[in-house]
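Coordinates from structure00.cif are shown below (mmCIF, C-alpha atoms).
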```cif
data_entry
loop_
_atom_site.label_atom_id
_atom_site.label_comp_id
_atom_site.auth_asym_id
_atom_site.auth_seq_id
_atom_site.Cartn_x
_atom_site.Cartn_y
_atom_site.Cartn_z
CA MET A 1 -33.94 -87.60 91.36
CA PRO A 2 -33.89 -86.04 94.79
CA VAL A 3 -33.64 -82.30 95.02
CA ILE A 4 -31.59 -81.11 97.95
CA ALA A 5 -31.31 -77.52 99.10
CA PRO A 6 -27.76 -76.17 98.81
CA MET A 7 -25.77 -75.88 101.99
CA PRO A 8 -24.57 -72.32 102.56
CA ALA A 9 -20.82 -71.89 102.54
CA THR A 10 -19.69 -70.84 106.00
CA ARG A 11 -16.58 -68.79 106.52
CA PRO A 12 -15.71 -67.06 109.75
CA ALA A 13 -16.40 -63.35 109.50
CA GLY A 14 -13.41 -61.11 109.08
CA LEU A 15 -11.06 -63.71 107.62
CA PRO A 16 -9.79 -62.77 104.19
CA ASN A 17 -9.28 -65.37 101.50
CA GLN A 18 -5.55 -65.97 101.90
CA ARG A 19 -5.12 -68.69 99.30
CA ASP A 20 -5.45 -68.21 95.61
CA GLY A 21 -8.75 -70.09 95.12
CA ALA A 22 -7.60 -73.31 96.84
CA GLU A 23 -10.11 -72.83 99.65
CA ASP A 24 -12.92 -72.29 97.14
CA ARG A 25 -11.95 -75.48 95.34
CA VAL A 26 -12.12 -77.50 98.59
CA ALA A 27 -15.47 -76.00 99.50
CA ALA A 28 -16.84 -76.73 96.00
CA GLY A 29 -16.17 -80.45 96.44
CA THR A 30 -18.21 -80.62 99.59
CA THR A 31 -21.26 -78.65 98.53
CA VAL A 32 -24.59 -80.22 97.88
CA ASP A 33 -24.90 -78.35 94.58
CA HIS A 34 -21.71 -79.85 93.19
CA LEU A 35 -22.65 -83.36 94.29
CA THR A 36 -26.17 -83.02 92.86
CA GLU A 37 -24.86 -81.71 89.53
CA THR A 38 -22.32 -84.54 89.32
CA TYR A 39 -25.05 -87.06 90.11
CA ARG A 40 -27.39 -85.62 87.46
CA ALA A 41 -24.67 -85.43 84.82
CA HIS A 42 -23.46 -88.99 85.38
CA TYR A 43 -26.68 -90.75 86.44
CA ARG A 44 -26.92 -92.81 83.24
CA SER A 45 -23.29 -93.91 83.35
CA LEU A 46 -23.65 -94.87 87.03
CA LEU A 47 -26.80 -96.79 86.16
CA GLY A 48 -24.92 -98.56 83.34
CA LEU A 49 -22.12 -99.47 85.72
CA ALA A 50 -24.59 -100.98 88.17
CA ALA A 51 -26.37 -102.78 85.32
CA LEU A 52 -23.13 -104.44 84.25
CA LEU A 53 -22.61 -105.70 87.79
CA LEU A 54 -26.19 -106.66 88.71
CA ASP A 55 -28.31 -107.53 85.62
CA ASP A 56 -31.45 -106.22 87.35
CA THR A 57 -32.87 -102.79 86.44
CA ALA A 58 -34.76 -102.23 89.68
CA SER A 59 -31.75 -103.14 91.79
CA CYS A 60 -29.51 -100.92 89.65
CA GLU A 61 -31.67 -97.86 90.28
CA ASP A 62 -31.75 -98.64 94.00
CA VAL A 63 -27.98 -99.03 94.12
CA VAL A 64 -27.33 -95.75 92.29
CA GLN A 65 -29.74 -93.84 94.51
CA GLU A 66 -28.26 -95.41 97.64
CA ALA A 67 -24.79 -94.45 96.40
CA PHE A 68 -25.90 -90.83 96.04
CA ILE A 69 -27.36 -90.85 99.56
CA ARG A 70 -24.22 -92.33 101.07
CA VAL A 71 -21.85 -89.97 99.28
CA HIS A 72 -24.16 -87.08 100.17
CA SER A 73 -23.99 -87.97 103.86
CA ALA A 74 -20.18 -88.26 103.65
CA ARG A 75 -19.65 -85.28 101.34
CA LYS A 76 -17.41 -83.46 103.81
CA ARG A 77 -14.79 -86.17 103.26
CA VAL A 78 -14.70 -85.44 99.54
CA ARG A 79 -12.09 -82.69 99.55
CA ASP A 80 -11.38 -82.49 95.84
CA PRO A 81 -14.44 -81.76 93.67
CA GLU A 82 -12.96 -83.75 90.80
CA LYS A 83 -13.05 -86.90 92.96
CA THR A 84 -16.81 -86.69 93.58
CA LEU A 85 -17.56 -88.86 90.55
CA ALA A 86 -14.89 -91.37 91.62
CA TYR A 87 -16.51 -91.60 95.05
CA LEU A 88 -19.92 -92.15 93.45
CA ARG A 89 -18.56 -94.85 91.13
CA GLN A 90 -16.74 -96.67 93.93
CA THR A 91 -19.86 -96.55 96.11
CA VAL A 92 -21.94 -98.00 93.24
CA VAL A 93 -19.42 -100.83 92.86
CA ASN A 94 -19.37 -101.56 96.60
CA LEU A 95 -23.16 -101.50 96.90
CA SER A 96 -23.46 -103.77 93.84
CA ARG A 97 -21.09 -106.26 95.47
CA SER A 98 -23.14 -106.17 98.65
CA ALA A 99 -26.35 -106.74 96.70
CA LEU A 100 -24.79 -109.73 94.92
CA ARG A 101 -23.58 -111.18 98.24
CA ARG A 102 -27.07 -110.88 99.70
CA ARG A 103 -28.55 -112.48 96.60
CA ILE A 104 -26.09 -115.39 96.71
CA LEU A 105 -26.68 -115.90 100.41
CA GLY A 106 -30.43 -115.90 99.80
CA LEU A 107 -30.05 -118.54 97.09
CA LYS A 108 -27.92 -120.70 99.37
CA LEU A 109 -30.50 -120.49 102.12
CA LEU A 110 -33.36 -121.25 99.74
CA SER A 111 -31.58 -124.25 98.21
CA LYS A 112 -31.38 -126.02 101.56
CA PRO A 113 -34.26 -128.44 101.95
CA MET A 114 -36.69 -127.72 104.71
CA PRO A 115 -36.57 -130.19 107.59
CA ASP A 116 -39.20 -132.88 107.45
CA MET A 117 -42.18 -132.12 109.59
CA ALA A 118 -43.57 -134.87 111.74
CA SER A 119 -47.02 -136.01 110.76
CA ALA A 120 -49.93 -135.65 113.14
CA GLU A 121 -49.84 -139.40 113.81
CA GLU A 122 -46.17 -139.29 114.75
CA GLY A 123 -46.81 -136.35 117.06
CA ALA A 124 -49.66 -138.20 118.75
CA TYR A 125 -47.50 -141.33 119.11
CA ASP A 126 -44.66 -139.30 120.63
CA GLN A 127 -47.11 -137.73 123.07
CA LEU A 128 -48.37 -141.19 124.11
CA GLU A 129 -44.80 -142.35 124.68
CA ARG A 130 -44.06 -139.28 126.78
CA ASP A 131 -47.23 -139.80 128.78
CA SER A 132 -46.40 -143.46 129.43
CA LEU A 133 -42.83 -142.54 130.42
CA ILE A 134 -44.10 -139.92 132.87
CA LYS A 135 -46.58 -142.42 134.30
CA ALA A 136 -43.82 -145.04 134.65
CA MET A 137 -41.50 -142.47 136.27
CA LYS A 138 -44.18 -141.65 138.84
CA GLY A 139 -44.31 -145.34 139.75
CA LEU A 140 -40.61 -145.45 140.73
CA GLN A 141 -39.24 -145.00 144.21
CA ARG A 142 -38.41 -141.39 145.05
CA ARG A 143 -34.59 -141.89 144.99
CA GLN A 144 -34.70 -143.87 141.75
CA ARG A 145 -36.76 -141.12 140.10
CA GLU A 146 -34.42 -138.39 141.41
CA VAL A 147 -31.30 -140.21 140.19
CA LEU A 148 -32.77 -140.88 136.73
CA VAL A 149 -34.05 -137.33 136.30
CA LEU A 150 -30.77 -135.75 137.35
CA ARG A 151 -28.63 -138.24 135.43
CA TYR A 152 -30.51 -138.40 132.12
CA PHE A 153 -32.76 -135.35 131.91
CA ALA A 154 -30.48 -132.82 133.65
CA ASP A 155 -27.46 -134.49 131.99
CA MET A 156 -25.37 -134.63 135.19
CA THR A 157 -22.48 -136.97 135.81
CA GLU A 158 -22.71 -139.64 138.50
CA SER A 159 -20.49 -137.60 140.83
CA GLN A 160 -22.63 -134.48 140.29
CA VAL A 161 -25.78 -136.46 141.09
CA ALA A 162 -24.12 -137.88 144.21
CA ASP A 163 -23.13 -134.38 145.36
CA THR A 164 -26.58 -132.99 144.64
CA LEU A 165 -28.45 -135.73 146.47
CA GLY A 166 -25.85 -136.16 149.22
CA ILE A 167 -25.34 -139.89 148.56
CA SER A 168 -22.38 -141.99 147.42
CA ILE A 169 -21.52 -142.69 143.79
CA GLY A 170 -22.21 -146.39 144.42
CA SER A 171 -25.73 -145.51 145.59
CA VAL A 172 -26.26 -143.40 142.45
CA LYS A 173 -25.26 -146.40 140.29
CA ALA A 174 -27.51 -148.77 142.26
CA TYR A 175 -30.56 -146.48 142.21
CA GLY A 176 -29.96 -145.77 138.52
CA SER A 177 -29.74 -149.40 137.42
CA ARG A 178 -32.76 -150.44 139.52
CA GLY A 179 -34.74 -147.45 138.23
CA ILE A 180 -33.98 -148.30 134.58
CA ALA A 181 -34.95 -151.94 135.15
CA ALA A 182 -38.24 -150.83 136.74
CA LEU A 183 -38.91 -148.45 133.84
CA ARG A 184 -38.27 -151.21 131.31
CA VAL A 185 -40.82 -153.43 133.03
CA ALA A 186 -43.38 -150.63 133.35
CA MET A 187 -43.00 -149.50 129.71
CA GLU A 188 -43.31 -153.04 128.30
CA ALA A 189 -46.38 -153.87 130.34
CA PRO A 190 -49.62 -153.74 128.36
CA VAL A 191 -51.67 -150.62 129.03
#
```
Hey, can you dump this file as structure tokens for me?
Amino acid sequence: MPVIAPMPATRPAGLPNQRDGAEDRVAAGTTVDHLTETYRAHYRSLLGLAALLLDDTASCEDVVQEAFIRVHSARKRVRDPEKTLAYLRQTVVNLSRSALRRRILGLKLLSKPMPDMASAEEGAYDQLERDSLIKAMKGLQRRQREVLVLRYFADMTESQVADTLGISIGSVKAYGSRGIAALRVAMEAPV
């Protein structure tokens, strides 16, 4: 269990205690000593609570320790010392829920099958097809190549291609159809 040095109680000098112990009660709920004593006294019950929610001893200890750290960092919000244990319990429950969500998400991700990897032969075949396509594209007329690249590789519409190249839509259609016909011939020709 972590040992934390107590935080000194600070009260402005010269101010008398005007309330009948109410201020001392508020300060007691926010001190490190009170939180540490509550944690030590109820560690086993907090661990049991986490165990009921998680069914994993290592995770339970982590959750309880994380709960102490979180409540310790937010101890100034615990105004009533009798609510310190309630804050610790609620934090253990919330952290246990988060741990279960992460575990379920991990199981969902692991249960998905990995995508099939292409074999080396398929990769080599794809590379040959790409190489032959590039070679066939280089054999086209300049305008046919430009129209096909913009239309099919840049995914532009016919009007966008026409605007880009400064030609009519009819010319885009003509260059495109002639270019595809020439590619078909070039790709079917024996190497």
Nearest residue to Ser96 (chain A) from the set A:Ser171, A:Thr31, A:Ser177, A:Ser59 (distances using only C-alpha atoms): A:Ser59
Expressed in Å to a single decimal, how great is the separation between CA of Ser45 (chain A) and CA of Ala86 (chain A)? 12.1 Å
For the atom pair CA of Asp155 (chain A) and CA of Ala120 (chain A), what is the interatomic distance in Å to one decimal place?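 Those two atoms sit 29.4 Å apart.
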Residue with the minimum atom-to-atom distance to Val149 (chain A), picked from A:Asn94, A:Val63, A:Glu82, A:Met137 with all atoms listed in the file counted, is A:Met137
Contacts of Val93 (chain A) within 12 Å, all atoms listed in the file, excl. fewer than 4 positions in-chain, as a VMD selection string: chain A and resid 46 to 54 60 63 to 64 66 to 67 86 to 89 97 to 100
Which distance in Å separates CA of Tyr43 (chain A) and CA of Arg101 (chain A), to one decimal?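 Atom-to-atom, CA of Tyr43 (chain A) to CA of Arg101 (chain A), that is 23.8 Å.
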Explicit residue set for the PyMOL selection byres ((chain A and resi 183) around 8), as a list of chain:residue names: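 Residues picked by the PyMOL selection byres ((chain A and resi 183) around 8): A:Leu133, A:Ala136, A:Met137, A:Leu140, A:Gly179, A:Ile180, A:Ala181, A:Ala182, A:Arg184, A:Val185, A:Ala186, A:Met187.
If you count only C-alpha atoms and draw a sphere of 9 Å around (-22.6, -85.6, 92.1), the protein and nucleic acid residues inside it come out as A:Val32, A:Asp33, A:His34, A:Leu35, A:Thr36, A:Glu37, A:Thr38, A:Tyr39, A:Arg40, A:Ala41, A:His42, A:Tyr43, A:Phe68, A:Val71, A:His72, A:Thr84, A:Leu85, A:Leu88.
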List as a PyMOL selection string: which residues have an atom within 9 Å of (-32.8, -139.5, 143.4), counting only C-alpha atoms? chain A and resi 141-150+161-162+165+172+175-176
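Here the question is which of A:Gln65, A:Arg151, A:Pro81, A:Lys76 gets nearest to Asp163 (chain A) using all atoms listed in the file, and that residue is A:Arg151.
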